[in-house]
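Q: One structure follows; several queries about it will come next.
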Amino acid sequence: MIFYPEGYDWTNSPVIVYGRSVERRDSGIEGHVKFTVEDFKANGSPEHRASQVEPVELRDGSVVPVYRFDGDQWGNVEAGAYFLEEGTLNYLVFHARAEDNYQRYLGDFKAMIRSYENAFMVISPRDKDEFSLLVTMAEQHSSTEEGQSYESKAMGSLGPALANVARGCSSFFSIDDVKDFQAVFRISPMGNVAEVFTYPSHSMAACVIGMTGRGKFPPHDFPDYLLHLDMKFR
């Protein structure tokens with residue numbers, strides 16, 4: 001994803017912001033920043049350096065560390081905001097062509113940081129017996145007339161997004177890694193997804209459910225509704 005001010009495009013904007021996500025490692029944010037600086041130095045910017053600047057507080061009270069980067073061979077100024085998630089390090093990079101552009105748009109970058117929310121849902125893996133019990137409970141919900149009616153509505157809201165995400169996830173993996181799986185969504189009365197369980201748990205399941213689990217379902221009158229999906233890929 002790429003952001004730039006209205007009236008410009010990617011090629012002529014004085015500033016851009018882009019987002020990235022990498023696997024979370026033991027070295028954490030400091031290790032990633034160090035690697036970034038060393039990579040610049042090894043590729044023609046021996047004066048490249050990073051300094052930690054004022055962090056930004058999110059709406060939930062958590063604090064996001066921000067680093068400023070100077071000294072690249074082109075005279076650019078950058079800042080990076082880093083968000084540690086369970087399995088990934090997500091970050092936004094603010095790139096300015098000159099110091100005056102950096103200062104002019106820095107407030108907008110901080111506003112973008114404050115708007116951050118992780119849309120990826122972490123799935124809850126279960127062993128075969130535990131998952132079979134959840135499937136049985138889901139079948140009990142869908143066996144009633146009310147349950148069948150709600151399930152039809154729920155699948156109507158999920159179906160198009162699920163198909164698009166499944167195709168997208170399939171394109172990221174080799175044929176051997178595009179594996180079948182089952183999932184059970186626990187849907188609250190307001191239509192929010194409280195939890196998602198999968199069996200078996202693997203990268204394909206994590207990708208598909210991670211990108212659809214935050215979806216909004218229709219509200220219902222059950223204490224919780226368990227929706228069972230059997231995902232098969234051919």
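Chains: A, B, ... in order of the structure tokens. Residues: from 1 per chain. Ligands: from 1, in order shown.
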May I have the residues within 9 Å of Val208 in chain A as a list of chain:residue names, using only C-alpha atoms and disregarding those fewer than 4 positions away in the same chain?
A: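 Non-adjacent residues within range: A:Leu162, A:Val165, A:Ala166, A:Gly168, A:Cys169, A:Ser170, A:Ser203, A:Met204, A:Thr212, A:Gly213.
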Q: Please identify all polymer residues within 12 Å of Glu54 in chain A, counting only C-alpha atoms, omitting same-chain residues fewer than 5 positions from it, and present them as an MDAnalysis selection string.
A: chainID A and resid 63:68 79:81 106 110
Q: Can you work out the spacing between CA of Val135 in chain A and CA of Ala194 in chain A in Å, to one decimal?
A: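 Computing it gives 16.3 Å between the two atoms.
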Q: Which residues come within 12 Å of Val22 in chain A, counting only C-alpha atoms, excluding same-chain residues fewer than 6 positions away, as a compact mmCIF listing (two decimals) with all heavy atoms, in the first residue's frame?
A:
```
# COMPACT_ATOMS: atom_id res chain seq x y z
N GLY A 28 13.68 -8.20 17.26
CA GLY A 28 12.68 -7.16 17.47
C GLY A 28 12.86 -5.94 16.59
O GLY A 28 13.49 -5.98 15.53
N ILE A 29 12.31 -4.82 17.06
CA ILE A 29 12.34 -3.58 16.29
C ILE A 29 13.77 -3.06 16.15
O ILE A 29 14.19 -2.66 15.06
CB ILE A 29 11.44 -2.52 16.96
CG1 ILE A 29 9.98 -2.97 16.89
CG2 ILE A 29 11.61 -1.16 16.29
CD1 ILE A 29 9.03 -2.10 17.69
N HIS A 32 15.63 -4.89 13.52
CA HIS A 32 15.20 -4.54 12.17
C HIS A 32 15.76 -3.19 11.75
O HIS A 32 16.21 -3.03 10.61
CB HIS A 32 13.68 -4.52 12.11
CG HIS A 32 13.14 -4.26 10.74
ND1 HIS A 32 13.00 -5.24 9.78
CD2 HIS A 32 12.73 -3.11 10.14
CE1 HIS A 32 12.52 -4.72 8.68
NE2 HIS A 32 12.35 -3.42 8.87
N TYR A 82 6.81 1.36 13.95
CA TYR A 82 6.89 -0.09 14.00
C TYR A 82 5.85 -0.66 14.96
O TYR A 82 5.75 -0.24 16.12
CB TYR A 82 8.29 -0.51 14.43
CG TYR A 82 9.34 -0.05 13.44
CD1 TYR A 82 9.95 1.19 13.58
CD2 TYR A 82 9.68 -0.83 12.34
CE1 TYR A 82 10.88 1.63 12.66
CE2 TYR A 82 10.62 -0.40 11.42
CZ TYR A 82 11.22 0.83 11.59
OH TYR A 82 12.14 1.27 10.67
N PHE A 83 5.10 -1.65 14.47
CA PHE A 83 4.01 -2.27 15.22
C PHE A 83 4.31 -3.75 15.39
O PHE A 83 4.30 -4.51 14.41
CB PHE A 83 2.68 -2.09 14.48
CG PHE A 83 2.39 -0.68 14.04
CD1 PHE A 83 2.86 -0.20 12.83
CD2 PHE A 83 1.64 0.17 14.84
CE1 PHE A 83 2.59 1.09 12.41
CE2 PHE A 83 1.36 1.47 14.44
CZ PHE A 83 1.84 1.93 13.22
N LEU A 84 4.56 -4.18 16.62
CA LEU A 84 4.84 -5.58 16.89
C LEU A 84 3.53 -6.34 17.06
O LEU A 84 2.74 -6.05 17.96
CB LEU A 84 5.68 -5.73 18.17
CG LEU A 84 7.19 -5.61 18.04
CD1 LEU A 84 7.84 -5.71 19.41
CD2 LEU A 84 7.76 -6.67 17.10
N GLU A 85 3.30 -7.31 16.18
CA GLU A 85 2.13 -8.18 16.30
C GLU A 85 2.61 -9.58 16.69
O GLU A 85 3.81 -9.82 16.85
CB GLU A 85 1.36 -8.20 14.97
CG GLU A 85 0.85 -6.85 14.53
CD GLU A 85 -0.23 -6.29 15.44
OE1 GLU A 85 -0.69 -7.02 16.36
OE2 GLU A 85 -0.64 -5.13 15.24
N GLU A 86 1.66 -10.50 16.83
CA GLU A 86 2.00 -11.82 17.36
C GLU A 86 3.02 -12.55 16.49
O GLU A 86 3.97 -13.14 16.99
CB GLU A 86 0.74 -12.68 17.51
CG GLU A 86 1.03 -14.03 18.12
CD GLU A 86 -0.24 -14.76 18.53
OE1 GLU A 86 -1.23 -14.09 18.88
OE2 GLU A 86 -0.24 -16.00 18.52
N GLY A 87 2.85 -12.50 15.18
CA GLY A 87 3.77 -13.22 14.30
C GLY A 87 4.52 -12.34 13.34
O GLY A 87 5.36 -12.82 12.59
N THR A 88 4.20 -11.04 13.31
CA THR A 88 4.80 -10.15 12.32
C THR A 88 5.27 -8.85 12.95
O THR A 88 4.83 -8.46 14.03
CB THR A 88 3.80 -9.79 11.20
OG1 THR A 88 2.67 -9.13 11.78
CG2 THR A 88 3.34 -11.03 10.46
N LEU A 89 6.18 -8.20 12.26
CA LEU A 89 6.53 -6.81 12.53
C LEU A 89 5.97 -6.00 11.36
O LEU A 89 6.43 -6.13 10.23
CB LEU A 89 8.04 -6.64 12.63
CG LEU A 89 8.55 -5.19 12.69
CD1 LEU A 89 7.99 -4.47 13.92
CD2 LEU A 89 10.07 -5.14 12.69
N ASN A 90 4.95 -5.21 11.63
CA ASN A 90 4.34 -4.36 10.61
C ASN A 90 4.91 -2.95 10.76
O ASN A 90 5.15 -2.50 11.88
CB ASN A 90 2.82 -4.31 10.78
CG ASN A 90 2.19 -5.69 10.71
OD1 ASN A 90 2.76 -6.61 10.14
ND2 ASN A 90 1.01 -5.83 11.27
N TYR A 91 5.14 -2.27 9.66
CA TYR A 91 5.69 -0.92 9.78
C TYR A 91 5.26 -0.02 8.64
O TYR A 91 4.95 -0.46 7.54
CB TYR A 91 7.22 -0.94 9.92
CG TYR A 91 7.98 -1.61 8.80
CD1 TYR A 91 8.53 -0.88 7.76
CD2 TYR A 91 8.19 -2.99 8.80
CE1 TYR A 91 9.27 -1.48 6.76
CE2 TYR A 91 8.93 -3.60 7.80
CZ TYR A 91 9.46 -2.85 6.78
OH TYR A 91 10.18 -3.45 5.79
N LEU A 92 5.19 1.27 8.97
CA LEU A 92 4.91 2.32 8.00
C LEU A 92 6.18 3.15 7.82
O LEU A 92 6.81 3.54 8.81
CB LEU A 92 3.78 3.23 8.47
CG LEU A 92 2.37 2.65 8.51
CD1 LEU A 92 1.42 3.63 9.18
CD2 LEU A 92 1.88 2.32 7.11
```
Q: Residues within 10 Å of Ala98 in chain A, please, as a PyMOL selection string. Count only C-alpha atoms; anything in the same chain fewer than 3 positions from it doesn't count.
A: chain A and resi 14-15+74-78+95+101-103
Q: Only N, CA and C atoms, please: the residues just picked out, written as a PDB file, in the first residue's frame.
A:
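part_39.pdb written:
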```
ATOM      1  N   PRO A  14       6.264  14.959  -3.154  1.00  0.00           N
ATOM      2  CA  PRO A  14       7.390  15.313  -2.286  1.00  0.00           C
ATOM      3  C   PRO A  14       7.536  14.357  -1.107  1.00  0.00           C
ATOM      4  N   VAL A  15       6.459  13.642  -0.770  1.00  0.00           N
ATOM      5  CA  VAL A  15       6.498  12.648   0.301  1.00  0.00           C
ATOM      6  C   VAL A  15       5.635  11.456  -0.094  1.00  0.00           C
ATOM      7  N   TRP A  74      20.975  10.019  -1.514  1.00  0.00           N
ATOM      8  CA  TRP A  74      20.131  10.881  -2.343  1.00  0.00           C
ATOM      9  C   TRP A  74      19.618  12.097  -1.578  1.00  0.00           C
ATOM     10  N   GLY A  75      19.941  12.216  -0.308  1.00  0.00           N
ATOM     11  CA  GLY A  75      19.496  13.355   0.480  1.00  0.00           C
ATOM     12  C   GLY A  75      18.075  13.247   0.999  1.00  0.00           C
ATOM     13  N   ASN A  76      17.508  12.047   0.990  1.00  0.00           N
ATOM     14  CA  ASN A  76      16.152  11.864   1.501  1.00  0.00           C
ATOM     15  C   ASN A  76      16.142  11.807   3.031  1.00  0.00           C
ATOM     16  N   VAL A  77      14.980  12.045   3.603  1.00  0.00           N
ATOM     17  CA  VAL A  77      14.762  11.898   5.042  1.00  0.00           C
ATOM     18  C   VAL A  77      13.589  10.939   5.222  1.00  0.00           C
ATOM     19  N   GLU A  78      13.730   9.988   6.143  1.00  0.00           N
ATOM     20  CA  GLU A  78      12.667   9.013   6.345  1.00  0.00           C
ATOM     21  C   GLU A  78      12.362   8.843   7.835  1.00  0.00           C
ATOM     22  N   HIS A  95       8.610   8.725   3.732  1.00  0.00           N
ATOM     23  CA  HIS A  95       9.766   9.068   2.894  1.00  0.00           C
ATOM     24  C   HIS A  95       9.587  10.484   2.355  1.00  0.00           C
ATOM     25  N   ASN A 101      10.062  19.154   3.357  1.00  0.00           N
ATOM     26  CA  ASN A 101       8.915  18.288   3.100  1.00  0.00           C
ATOM     27  C   ASN A 101       8.646  17.370   4.296  1.00  0.00           C
ATOM     28  N   TYR A 102       9.712  16.895   4.894  1.00  0.00           N
ATOM     29  CA  TYR A 102       9.576  16.030   6.074  1.00  0.00           C
ATOM     30  C   TYR A 102       8.827  16.763   7.190  1.00  0.00           C
ATOM     31  N   GLN A 103       9.245  17.978   7.469  1.00  0.00           N
ATOM     32  CA  GLN A 103       8.627  18.746   8.554  1.00  0.00           C
ATOM     33  C   GLN A 103       7.182  19.127   8.215  1.00  0.00           C
TER      34      GLN A 103
END
```
Q: Could you please write out, as number ranges by chain, every residue of range 28-118 of chain A that DSSP assigns to strand (DSSP E)?
A: A: 49-57, 63-70, 77-84, 88-96
Q: Env of Leu229 in chain A: 7 Å cut, atoms = only C-alpha atoms, seq-sep filter 6 positions within chain, self excluded. Answer as an NGL selection string.
A: :A and (182-184)
Q: Keeping only N, CA and C atoms, write those residues as a short mmCIF file (atom, residue, chain, number, x, y, z; two decimals), in the first residue's frame.
A:
```cif
data_model
loop_
_atom_site.label_atom_id
_atom_site.label_comp_id
_atom_site.auth_asym_id
_atom_site.auth_seq_id
_atom_site.Cartn_x
_atom_site.Cartn_y
_atom_site.Cartn_z
N GLN A 182 -10.54 -27.03 7.67
CA GLN A 182 -11.86 -26.69 8.17
C GLN A 182 -11.73 -25.56 9.18
N ALA A 183 -12.77 -24.77 9.31
CA ALA A 183 -12.77 -23.66 10.26
C ALA A 183 -14.13 -23.56 10.93
N VAL A 184 -14.11 -23.11 12.17
CA VAL A 184 -15.34 -22.81 12.90
C VAL A 184 -15.25 -21.38 13.41
#
```
Q: Excluding His220 in chain A and residues on its chain fewer than 6 positions from it, collect all residues at most 7 Å away from it, counting only C-alpha atoms, and give them as an NGL selection string.
A: :A and (189-191)
Q: Those residues with N, CA, C and O atoms, as a tab-separated table (two decimals), in the first residue's frame please?
A:
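Final file, again.tsv:
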```
chain	number	residue	atom	x	y	z
A	189	PRO	N	-23.62	-12.25	19.25
A	189	PRO	CA	-24.96	-11.78	18.85
A	189	PRO	C	-24.94	-10.51	18.01
A	189	PRO	O	-25.86	-10.27	17.22
A	190	MET	N	-23.91	-9.67	18.17
A	190	MET	CA	-23.82	-8.44	17.39
A	190	MET	C	-23.23	-8.67	16.00
A	190	MET	O	-23.12	-7.75	15.20
A	191	GLY	N	-22.84	-9.92	15.71
A	191	GLY	CA	-22.28	-10.24	14.40
A	191	GLY	C	-20.77	-10.15	14.32
A	191	GLY	O	-20.19	-10.31	13.23
```
Q: A:Phe181, A:Tyr150, A:Phe197, A:Phe69: which is nearest Phe233 in chain A, counting only C-alpha atoms?
A: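 Nearest to Phe233 in chain A: A:Phe181.
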Q: Please run DSSP on the backbone and report, as an mmCIF file with N, CA and C atoms, in the first residue's frame, all residues within range 73-210 of chain A that come out as helix (DSSP H, G or I).
A:
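Result file selection-v3.cif:
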```cif
data_model
loop_
_atom_site.group_PDB
_atom_site.id
_atom_site.type_symbol
_atom_site.label_atom_id
_atom_site.label_comp_id
_atom_site.auth_asym_id
_atom_site.auth_seq_id
_atom_site.Cartn_x
_atom_site.Cartn_y
_atom_site.Cartn_z
ATOM 1 N N GLU A 99 14.266 17.937 3.816
ATOM 2 C CA GLU A 99 13.916 18.222 5.207
ATOM 3 C C GLU A 99 12.641 19.055 5.324
ATOM 4 N N ASP A 100 12.465 20.061 4.449
ATOM 5 C CA ASP A 100 11.272 20.895 4.567
ATOM 6 C C ASP A 100 10.001 20.094 4.291
ATOM 7 N N ASN A 101 10.062 19.154 3.357
ATOM 8 C CA ASN A 101 8.915 18.288 3.100
ATOM 9 C C ASN A 101 8.646 17.370 4.296
ATOM 10 N N TYR A 102 9.712 16.895 4.894
ATOM 11 C CA TYR A 102 9.576 16.030 6.074
ATOM 12 C C TYR A 102 8.827 16.763 7.190
ATOM 13 N N GLN A 103 9.245 17.978 7.469
ATOM 14 C CA GLN A 103 8.627 18.746 8.554
ATOM 15 C C GLN A 103 7.182 19.127 8.215
ATOM 16 N N ARG A 104 6.945 19.445 6.961
ATOM 17 C CA ARG A 104 5.596 19.874 6.557
ATOM 18 C C ARG A 104 4.562 18.769 6.741
ATOM 19 N N TYR A 105 4.937 17.533 6.428
ATOM 20 C CA TYR A 105 3.975 16.434 6.431
ATOM 21 C C TYR A 105 4.128 15.485 7.619
ATOM 22 N N LEU A 106 5.017 15.788 8.536
ATOM 23 C CA LEU A 106 5.242 14.891 9.673
ATOM 24 C C LEU A 106 3.967 14.713 10.501
ATOM 25 N N GLY A 107 3.207 15.780 10.710
ATOM 26 C CA GLY A 107 1.967 15.673 11.467
ATOM 27 C C GLY A 107 0.971 14.733 10.812
ATOM 28 N N ASP A 108 0.917 14.737 9.479
ATOM 29 C CA ASP A 108 0.017 13.831 8.769
ATOM 30 C C ASP A 108 0.457 12.381 8.951
ATOM 31 N N PHE A 109 1.762 12.158 8.950
ATOM 32 C CA PHE A 109 2.271 10.803 9.173
ATOM 33 C C PHE A 109 1.892 10.314 10.567
ATOM 34 N N LYS A 110 2.026 11.166 11.566
ATOM 35 C CA LYS A 110 1.655 10.770 12.924
ATOM 36 C C LYS A 110 0.164 10.451 13.014
ATOM 37 N N ALA A 111 -0.658 11.196 12.289
ATOM 38 C CA ALA A 111 -2.096 10.907 12.269
ATOM 39 C C ALA A 111 -2.354 9.538 11.648
ATOM 40 N N MET A 112 -1.589 9.185 10.627
ATOM 41 C CA MET A 112 -1.720 7.867 10.023
ATOM 42 C C MET A 112 -1.331 6.779 11.019
ATOM 43 N N ILE A 113 -0.257 7.020 11.773
ATOM 44 C CA ILE A 113 0.166 6.045 12.776
ATOM 45 C C ILE A 113 -0.948 5.816 13.791
ATOM 46 N N ARG A 114 -1.559 6.904 14.248
ATOM 47 C CA ARG A 114 -2.616 6.790 15.259
ATOM 48 C C ARG A 114 -3.850 6.050 14.737
ATOM 49 N N LYS A 128 -7.581 -32.651 16.857
ATOM 50 C CA LYS A 128 -8.684 -33.264 16.114
ATOM 51 C C LYS A 128 -9.919 -33.467 16.982
ATOM 52 N N ASP A 129 -9.746 -33.960 18.205
ATOM 53 C CA ASP A 129 -10.889 -34.233 19.076
ATOM 54 C C ASP A 129 -11.592 -32.942 19.492
ATOM 55 N N GLU A 130 -10.816 -31.931 19.865
ATOM 56 C CA GLU A 130 -11.408 -30.648 20.257
ATOM 57 C C GLU A 130 -12.173 -30.030 19.096
ATOM 58 N N PHE A 131 -11.575 -30.115 17.903
ATOM 59 C CA PHE A 131 -12.230 -29.517 16.737
ATOM 60 C C PHE A 131 -13.498 -30.280 16.374
ATOM 61 N N SER A 132 -13.476 -31.598 16.506
ATOM 62 C CA SER A 132 -14.668 -32.402 16.208
ATOM 63 C C SER A 132 -15.827 -32.009 17.110
ATOM 64 N N LEU A 133 -15.523 -31.695 18.371
ATOM 65 C CA LEU A 133 -16.556 -31.251 19.294
ATOM 66 C C LEU A 133 -17.153 -29.916 18.837
ATOM 67 N N LEU A 134 -16.310 -29.005 18.382
ATOM 68 C CA LEU A 134 -16.804 -27.723 17.883
ATOM 69 C C LEU A 134 -17.681 -27.911 16.650
ATOM 70 N N VAL A 135 -17.294 -28.828 15.764
ATOM 71 C CA VAL A 135 -18.099 -29.100 14.573
ATOM 72 C C VAL A 135 -19.464 -29.657 14.964
ATOM 73 N N THR A 136 -19.468 -30.552 15.948
ATOM 74 C CA THR A 136 -20.737 -31.111 16.424
ATOM 75 C C THR A 136 -21.648 -30.010 16.959
ATOM 76 N N MET A 137 -21.085 -29.081 17.729
ATOM 77 C CA MET A 137 -21.872 -27.971 18.261
ATOM 78 C C MET A 137 -22.382 -27.074 17.132
ATOM 79 N N ALA A 138 -21.539 -26.853 16.119
ATOM 80 C CA ALA A 138 -21.960 -26.036 14.970
ATOM 81 C C ALA A 138 -23.112 -26.716 14.223
ATOM 82 N N GLU A 139 -23.047 -28.033 14.078
ATOM 83 C CA GLU A 139 -24.110 -28.765 13.389
ATOM 84 C C GLU A 139 -25.419 -28.696 14.171
ATOM 85 N N GLN A 140 -25.317 -28.675 15.485
ATOM 86 C CA GLN A 140 -26.517 -28.520 16.302
ATOM 87 C C GLN A 140 -27.164 -27.153 16.062
ATOM 88 N N HIS A 141 -26.330 -26.119 15.936
ATOM 89 C CA HIS A 141 -26.864 -24.785 15.652
ATOM 90 C C HIS A 141 -27.566 -24.742 14.295
ATOM 91 N N SER A 142 -26.955 -25.361 13.297
ATOM 92 C CA SER A 142 -27.494 -25.275 11.937
ATOM 93 C C SER A 142 -28.632 -26.262 11.684
ATOM 94 N N GLU A 145 -34.420 -24.596 12.368
ATOM 95 C CA GLU A 145 -34.900 -23.703 11.309
ATOM 96 C C GLU A 145 -34.279 -22.321 11.445
ATOM 97 N N GLU A 146 -34.179 -21.828 12.698
ATOM 98 C CA GLU A 146 -33.566 -20.520 12.931
ATOM 99 C C GLU A 146 -32.092 -20.535 12.542
ATOM 100 N N GLY A 147 -31.424 -21.629 12.885
ATOM 101 C CA GLY A 147 -30.001 -21.742 12.554
ATOM 102 C C GLY A 147 -29.759 -21.794 11.062
ATOM 103 N N GLN A 148 -30.594 -22.543 10.340
ATOM 104 C CA GLN A 148 -30.449 -22.620 8.892
ATOM 105 C C GLN A 148 -30.659 -21.260 8.243
ATOM 106 N N SER A 149 -31.657 -20.535 8.755
ATOM 107 C CA SER A 149 -31.929 -19.197 8.217
ATOM 108 C C SER A 149 -30.743 -18.274 8.454
ATOM 109 N N TYR A 150 -30.187 -18.327 9.678
ATOM 110 C CA TYR A 150 -29.064 -17.432 9.969
ATOM 111 C C TYR A 150 -27.831 -17.835 9.170
ATOM 112 N N GLU A 151 -27.594 -19.125 9.048
ATOM 113 C CA GLU A 151 -26.405 -19.572 8.326
ATOM 114 C C GLU A 151 -26.450 -19.123 6.875
ATOM 115 N N SER A 152 -27.642 -19.126 6.294
ATOM 116 C CA SER A 152 -27.782 -18.647 4.919
ATOM 117 C C SER A 152 -27.400 -17.175 4.811
ATOM 118 N N LYS A 153 -27.831 -16.375 5.790
ATOM 119 C CA LYS A 153 -27.471 -14.954 5.797
ATOM 120 C C LYS A 153 -25.973 -14.772 6.012
ATOM 121 N N ALA A 154 -25.418 -15.545 6.958
ATOM 122 C CA ALA A 154 -23.991 -15.421 7.280
ATOM 123 C C ALA A 154 -23.126 -15.769 6.079
ATOM 124 N N MET A 155 -23.458 -16.853 5.393
ATOM 125 C CA MET A 155 -22.666 -17.252 4.228
ATOM 126 C C MET A 155 -22.838 -16.264 3.087
ATOM 127 N N GLY A 156 -24.012 -15.646 3.008
ATOM 128 C CA GLY A 156 -24.223 -14.624 1.980
ATOM 129 C C GLY A 156 -23.318 -13.426 2.168
ATOM 130 N N SER A 157 -23.042 -13.088 3.445
ATOM 131 C CA SER A 157 -22.157 -11.949 3.710
ATOM 132 C C SER A 157 -20.692 -12.330 3.601
ATOM 133 N N LEU A 158 -20.369 -13.589 3.883
ATOM 134 C CA LEU A 158 -18.968 -14.027 3.873
ATOM 135 C C LEU A 158 -18.501 -14.505 2.513
ATOM 136 N N GLY A 159 -19.416 -15.117 1.746
ATOM 137 C CA GLY A 159 -19.034 -15.823 0.534
ATOM 138 C C GLY A 159 -18.142 -15.082 -0.450
ATOM 139 N N PRO A 160 -18.554 -13.887 -0.929
ATOM 140 C CA PRO A 160 -17.720 -13.193 -1.932
ATOM 141 C C PRO A 160 -16.320 -12.870 -1.413
ATOM 142 N N ALA A 161 -16.232 -12.371 -0.181
ATOM 143 C CA ALA A 161 -14.916 -12.035 0.376
ATOM 144 C C ALA A 161 -14.066 -13.284 0.544
ATOM 145 N N LEU A 162 -14.686 -14.371 0.998
ATOM 146 C CA LEU A 162 -13.956 -15.614 1.217
ATOM 147 C C LEU A 162 -13.375 -16.144 -0.085
ATOM 148 N N ALA A 163 -14.163 -16.090 -1.156
ATOM 149 C CA ALA A 163 -13.680 -16.579 -2.453
ATOM 150 C C ALA A 163 -12.501 -15.750 -2.950
ATOM 151 N N ASN A 164 -12.597 -14.434 -2.822
ATOM 152 C CA ASN A 164 -11.508 -13.563 -3.281
ATOM 153 C C ASN A 164 -10.239 -13.777 -2.463
ATOM 154 N N VAL A 165 -10.395 -13.871 -1.144
ATOM 155 C CA VAL A 165 -9.228 -14.081 -0.284
ATOM 156 C C VAL A 165 -8.593 -15.441 -0.571
ATOM 157 N N ALA A 166 -9.400 -16.477 -0.750
ATOM 158 C CA ALA A 166 -8.869 -17.810 -1.029
ATOM 159 C C ALA A 166 -8.047 -17.822 -2.313
ATOM 160 N N ARG A 167 -8.551 -17.130 -3.338
ATOM 161 C CA ARG A 167 -7.780 -17.055 -4.591
ATOM 162 C C ARG A 167 -6.470 -16.311 -4.372
ATOM 163 N N GLY A 168 -6.549 -15.193 -3.615
ATOM 164 C CA GLY A 168 -5.337 -14.430 -3.359
ATOM 165 C C GLY A 168 -4.314 -15.219 -2.567
ATOM 166 N N CYS A 169 -4.769 -15.896 -1.512
ATOM 167 C CA CYS A 169 -3.847 -16.685 -0.701
ATOM 168 C C CYS A 169 -3.222 -17.821 -1.519
ATOM 169 N N SER A 170 -4.026 -18.446 -2.369
ATOM 170 C CA SER A 170 -3.507 -19.539 -3.195
ATOM 171 C C SER A 170 -2.350 -19.085 -4.064
ATOM 172 N N SER A 171 -2.392 -17.823 -4.508
ATOM 173 C CA SER A 171 -1.338 -17.323 -5.395
ATOM 174 C C SER A 171 -0.011 -17.127 -4.676
ATOM 175 N N PHE A 172 -0.034 -17.066 -3.323
ATOM 176 C CA PHE A 172 1.188 -16.846 -2.563
ATOM 177 C C PHE A 172 1.952 -18.132 -2.277
ATOM 178 N N ILE A 175 1.911 -25.196 -5.006
ATOM 179 C CA ILE A 175 0.769 -26.113 -5.100
ATOM 180 C C ILE A 175 0.717 -27.037 -3.892
ATOM 181 N N ASP A 176 1.877 -27.466 -3.419
ATOM 182 C CA ASP A 176 1.908 -28.384 -2.276
ATOM 183 C C ASP A 176 1.433 -27.741 -0.986
ATOM 184 N N ASP A 177 1.500 -26.414 -0.901
ATOM 185 C CA ASP A 177 1.097 -25.715 0.329
ATOM 186 C C ASP A 177 -0.341 -25.234 0.305
ATOM 187 N N SER A 203 -0.230 -22.799 6.963
ATOM 188 C CA SER A 203 -0.090 -21.450 6.398
ATOM 189 C C SER A 203 -1.300 -21.033 5.573
ATOM 190 N N MET A 204 -1.868 -21.964 4.816
ATOM 191 C CA MET A 204 -3.021 -21.632 3.992
ATOM 192 C C MET A 204 -4.212 -21.244 4.875
ATOM 193 N N ALA A 205 -4.436 -21.998 5.948
ATOM 194 C CA ALA A 205 -5.522 -21.677 6.869
ATOM 195 C C ALA A 205 -5.294 -20.318 7.509
ATOM 196 N N ALA A 206 -4.050 -20.053 7.925
ATOM 197 C CA ALA A 206 -3.730 -18.777 8.573
ATOM 198 C C ALA A 206 -3.986 -17.605 7.628
ATOM 199 N N CYS A 207 -3.643 -17.761 6.360
ATOM 200 C CA CYS A 207 -3.831 -16.679 5.387
ATOM 201 C C CYS A 207 -5.306 -16.406 5.149
ATOM 202 N N VAL A 208 -6.072 -17.451 4.853
ATOM 203 C CA VAL A 208 -7.489 -17.265 4.518
ATOM 204 C C VAL A 208 -8.273 -16.736 5.712
ATOM 205 N N ILE A 209 -8.126 -17.393 6.864
ATOM 206 C CA ILE A 209 -8.900 -16.987 8.032
ATOM 207 C C ILE A 209 -8.381 -15.671 8.602
ATOM 208 N N GLY A 210 -7.073 -15.477 8.525
ATOM 209 C CA GLY A 210 -6.514 -14.225 9.018
ATOM 210 C C GLY A 210 -7.082 -13.010 8.316
#
```
Q: Between CA of Phe217 in chain A and CA of Tyr199 in chain A, what is the distance in Å, rounded to a tenth?
A: 21.9 Å
